[in-house]
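Written below as structure tokens is the structure these notes are about.
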Number of protein chains: 2
Amino acid sequence: MSELRKDPVTGRWVIISQERGGRPLQEEKPAQKTDHKSCPFCEGNEKLTPSEIYAVGKVGRHKNSTGWDIRVIPNKFPALRVEGEVLTRGENMYDKMNGIGAHEVIIETPEHSKSGALLSVEQYKSILLTYAERINDLKKDLRMEYILIFKNHGLSAGATLEHPHSQLIATPIVPKKVLEELSSAKKYFEFKGRCVFCDMINTELNSNSRVVYENDNFIAFCPFASRFPFEIWVLPRSHDSAYEDISEKEASELARALKTVLGKLNEALSNPDYNYILHNWPHKNNDRNIFHWHIEIMPKLTKIAGFEWGSGFYINPTSPEDAAKFLREVL
Amino acid sequence: MSELRKDPVTGRWVIISQERGGRPLQEEKPAQKTDHKSCPFCEGNEKLTPSEIYAVGKVGRHKNSTGWDIRVIPNKFPALRVEGEVLTRGENMYDKMNGIGAHEVIIETPEHSKSGALLSVEQYKSILLTYAERINDLKKDLRMEYILIFKNHGLSAGATLEHPHSQLIATPIVPKKVLEELSSAKKYFEFKGRCVFCDMINTELNSNSRVVYENDNFIAFCPFASRFPFEIWVLPRSHDSAYEDISEKEASELARALKTVLGKLNEALSNPDYNYILHNWPHKNNDRNIFHWHIEIMPKLTKIAGFEWGSGFYINPTSPEDAAKFLREVL
């Protein structure tokens, strides 16, 4: 079982997961494999994965068989496992915890080569509703303090398999970055009496220099302090802290926003590697006023080097105004 | 001029530096160039760089000529510039600041292909004393709040030129990561009455399962909560907050420690890409008890993916105990 360890200086947690050392290290290779036969995420290869947790597919379909549109499975090399109790203990001056949690893979399509831009709005909607479904299910497990949904696309973004997929990791503690975001948003709320994200949306709509896309319910813009060239945030226009409460209509609109924005990135930067991360509230927190869920998309065009590691500053060679202008004009 | 921008949610600062867009993007290429003739850091090519700030070399040598062992120059594509005043201003709800600071390159050797493991202990000592020299000089500039020294080795660590070099960036604000480290170390001091790093050194010497190397004045170990496989921290055994106060004797010992540890990494992992970062105190801070300077070495064997970005957790497939055992046995 993996182990959670806390750095006594920074309070940062680390998952020491020797099981993950066994996963396919495609990072070493110059290009990713596109071999459908051996891909565990392809339709027809359902037996190559752990038994599925959830799926969207044909009526009457049997579990772990073909005929699915989306399939959620446990990660074969999980960073955290569901079985067991959350136990914390000390070792000399240090703190550790056993590696309880959940680590799931959301296979976004049965088709190996159908990456982001090629998926339909309907398929995106289905993926987005699956995220909500899995969060709602895992929230029932009271050991879980946070549920993080993210996507790694391409080698430099940390993907080890090419077949389109996103991931979910549920942790027995609220992660440091989430706490930091929450605490800053709270300070802003206490000072202004308003949600910082709602204020950003209004500011962006007024200045209009960084907006990339908008529809009835969603807005996408390059944030004022973008860490990366072509970084994009997608937010619901109305204040909402809990992603998992998304309605069918909102999921349609978000699907359209995400497909458009990822399509623009794909077109502008020739299929760049990227991560996207759903920044959702910690679901046991009751103060729904301060946090506003959103998706942060981070293309991997620059390297994180010593300066970024040492300072937490980022150096971005492309202004968000230029990036947004470029993206607005694409397609 | 570049611009510093603050993210209103997290308080994270970003340097929007369009000038750096013009630097050679060797990241795009599969391997780094090893062309001595066009390398601006090679002896004989002094005219290809901005005029030098400092050098160690032959007695009577002229500035910007051959005959040097170490040469410090302004970065040709600086993230921050020395000229100007530190001005902060608002833009709607956002904060920004002009890009004042310093960005220097420390060329570690006149020889292009003499990477870390091949440099002598004497040359290392000279590099380490140069770091102290530059910090002491820049401290006199009262606009500078923090001076960060770091090294990017290899493409995946963010190096754009192969010739061995480290960098210095001085910033007009104390970086977020430094403040966090300081604030945590302070909390520990308030609770225990002791420096957290001093306690770690004692714990590591007692358990001895993560120590990689030690000599009279320095210790190197894989930290308990290592973020990365084969991460190593090098610390002075006695409490000291200010790196720039290093003595000749200590610099010799540190040179020996650094050369040994980097040599072991080189041998064990076949010349891995890595960053190292000098974690020094913010020099205007007067509380010298709480912080203990050290060097963090981070080999780049794993990718930072969505989970790390979203949570601040790290997943490390190699336990620090295994890594330290392996490194102790190498050489």
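Chain labels follow the order of the structure tokens: the first chain is A, the next B, and so on; residue numbering restarts at 1 in every chain, and ligands are counted from 1 in their shown order.
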What lies within 12 Å of Ile277 in chain B using only C-alpha atoms, ignoring chain neighbours under 2 positions off, as a ChimeraX atom specification?
-> /A:305-311 /B:131,147-153,157,166-169,178,231-234,274-275,279-280,293-299
Quick one: everything within 12 Å of Leu235 in chain A, counting only C-alpha atoms, minus sequence neighbours fewer than 3 positions away in the same chain. Send it as a ChimeraX atom specification.
-> /A:197-202,204,211-223,232,238-243,250,253-254,257-258,278-280,291-297
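The two atoms in question, CA of Glu52 in chain B and CA of Leu142 in chain B, are spaced 21.8 Å apart.
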What is the CA of Glu19 in chain B to CA of Tyr54 in chain B distance in Å?
-> 24.0 Å
Would you work out the distance separating CA of Asn45 in chain B from CA of Thr302 in chain A, expressed in Å to one decimal?
->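 Here the two named atoms are 27.7 Å from each other.
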For Lys47 in chain B, please output as a PyMOL selection string all residues within 12 Å (counting only C-alpha atoms; exclusion window: fewer than 4 positions along the same chain).
-> chain B and resi 38-43+51-52+63-66+73
Those same residues - N, CA and C atoms - I'd like them written as a compact mmCIF listing (two decimals), in the first residue's frame.
```
# COMPACT_ATOMS: atom_id res chain seq x y z
N SER B 38 29.38 28.45 -31.74
CA SER B 38 28.28 29.40 -31.61
C SER B 38 27.81 29.54 -30.16
N CYS B 39 28.42 28.78 -29.24
CA CYS B 39 27.96 28.84 -27.85
C CYS B 39 28.44 30.13 -27.18
N PRO B 40 27.50 30.98 -26.73
CA PRO B 40 27.90 32.26 -26.15
C PRO B 40 28.63 32.13 -24.81
N PHE B 41 28.59 30.94 -24.21
CA PHE B 41 29.21 30.76 -22.90
C PHE B 41 30.62 30.19 -23.01
N CYS B 42 31.08 29.84 -24.22
CA CYS B 42 32.41 29.25 -24.39
C CYS B 42 33.51 30.31 -24.36
N GLU B 43 34.67 29.91 -23.88
CA GLU B 43 35.83 30.81 -23.88
C GLU B 43 36.14 31.20 -25.32
N SER B 51 27.99 42.50 -21.43
CA SER B 51 29.25 42.72 -20.70
C SER B 51 29.22 42.10 -19.31
N GLU B 52 30.35 41.47 -18.91
CA GLU B 52 30.34 40.70 -17.67
C GLU B 52 30.23 41.57 -16.42
N LYS B 63 38.55 42.58 -18.74
CA LYS B 63 37.11 42.29 -18.74
C LYS B 63 36.68 41.80 -20.13
N ASN B 64 35.79 40.81 -20.16
CA ASN B 64 35.24 40.29 -21.41
C ASN B 64 36.29 39.72 -22.37
N SER B 65 37.41 39.25 -21.80
CA SER B 65 38.40 38.57 -22.62
C SER B 65 38.52 37.12 -22.13
N THR B 66 39.39 36.36 -22.74
CA THR B 66 39.59 34.96 -22.32
C THR B 66 40.37 34.93 -20.99
N ILE B 73 27.40 37.03 -16.08
CA ILE B 73 26.91 38.01 -17.06
C ILE B 73 25.41 38.24 -16.86
```
Could you check which of A:Glu3, A:Gly158, A:Arg71, A:Thr109 is closest to Lys303 in chain B, using only C-alpha atoms?
-> A:Gly158
If you run DSSP over the backbone, which residues in range 218-260 of chain A end up alpha helix (DSSP H)? Put them as a PyMOL selection string.
-> chain A and resi 248-260
Would you return as a PyMOL selection string the members of range 36-214 of chain B that DSSP assigns to strand (DSSP E or B) on this structure's backbone?
-> chain B and resi 54-57+68-74+81+88-91+94-98+100+102-107+146-153+165-171+211-214
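Closest to chain B among A:Phe189, A:Phe77, A:Tyr276, A:Tyr124 is A:Tyr276, based on only C-alpha atoms.
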Shortest interatomic distance to Asn316 in chain B - which of B:Leu301, B:Thr49, B:Glu122, B:Ser252, counting only C-alpha atoms |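 For Asn316 in chain B, the nearest of the candidates is B:Leu301.
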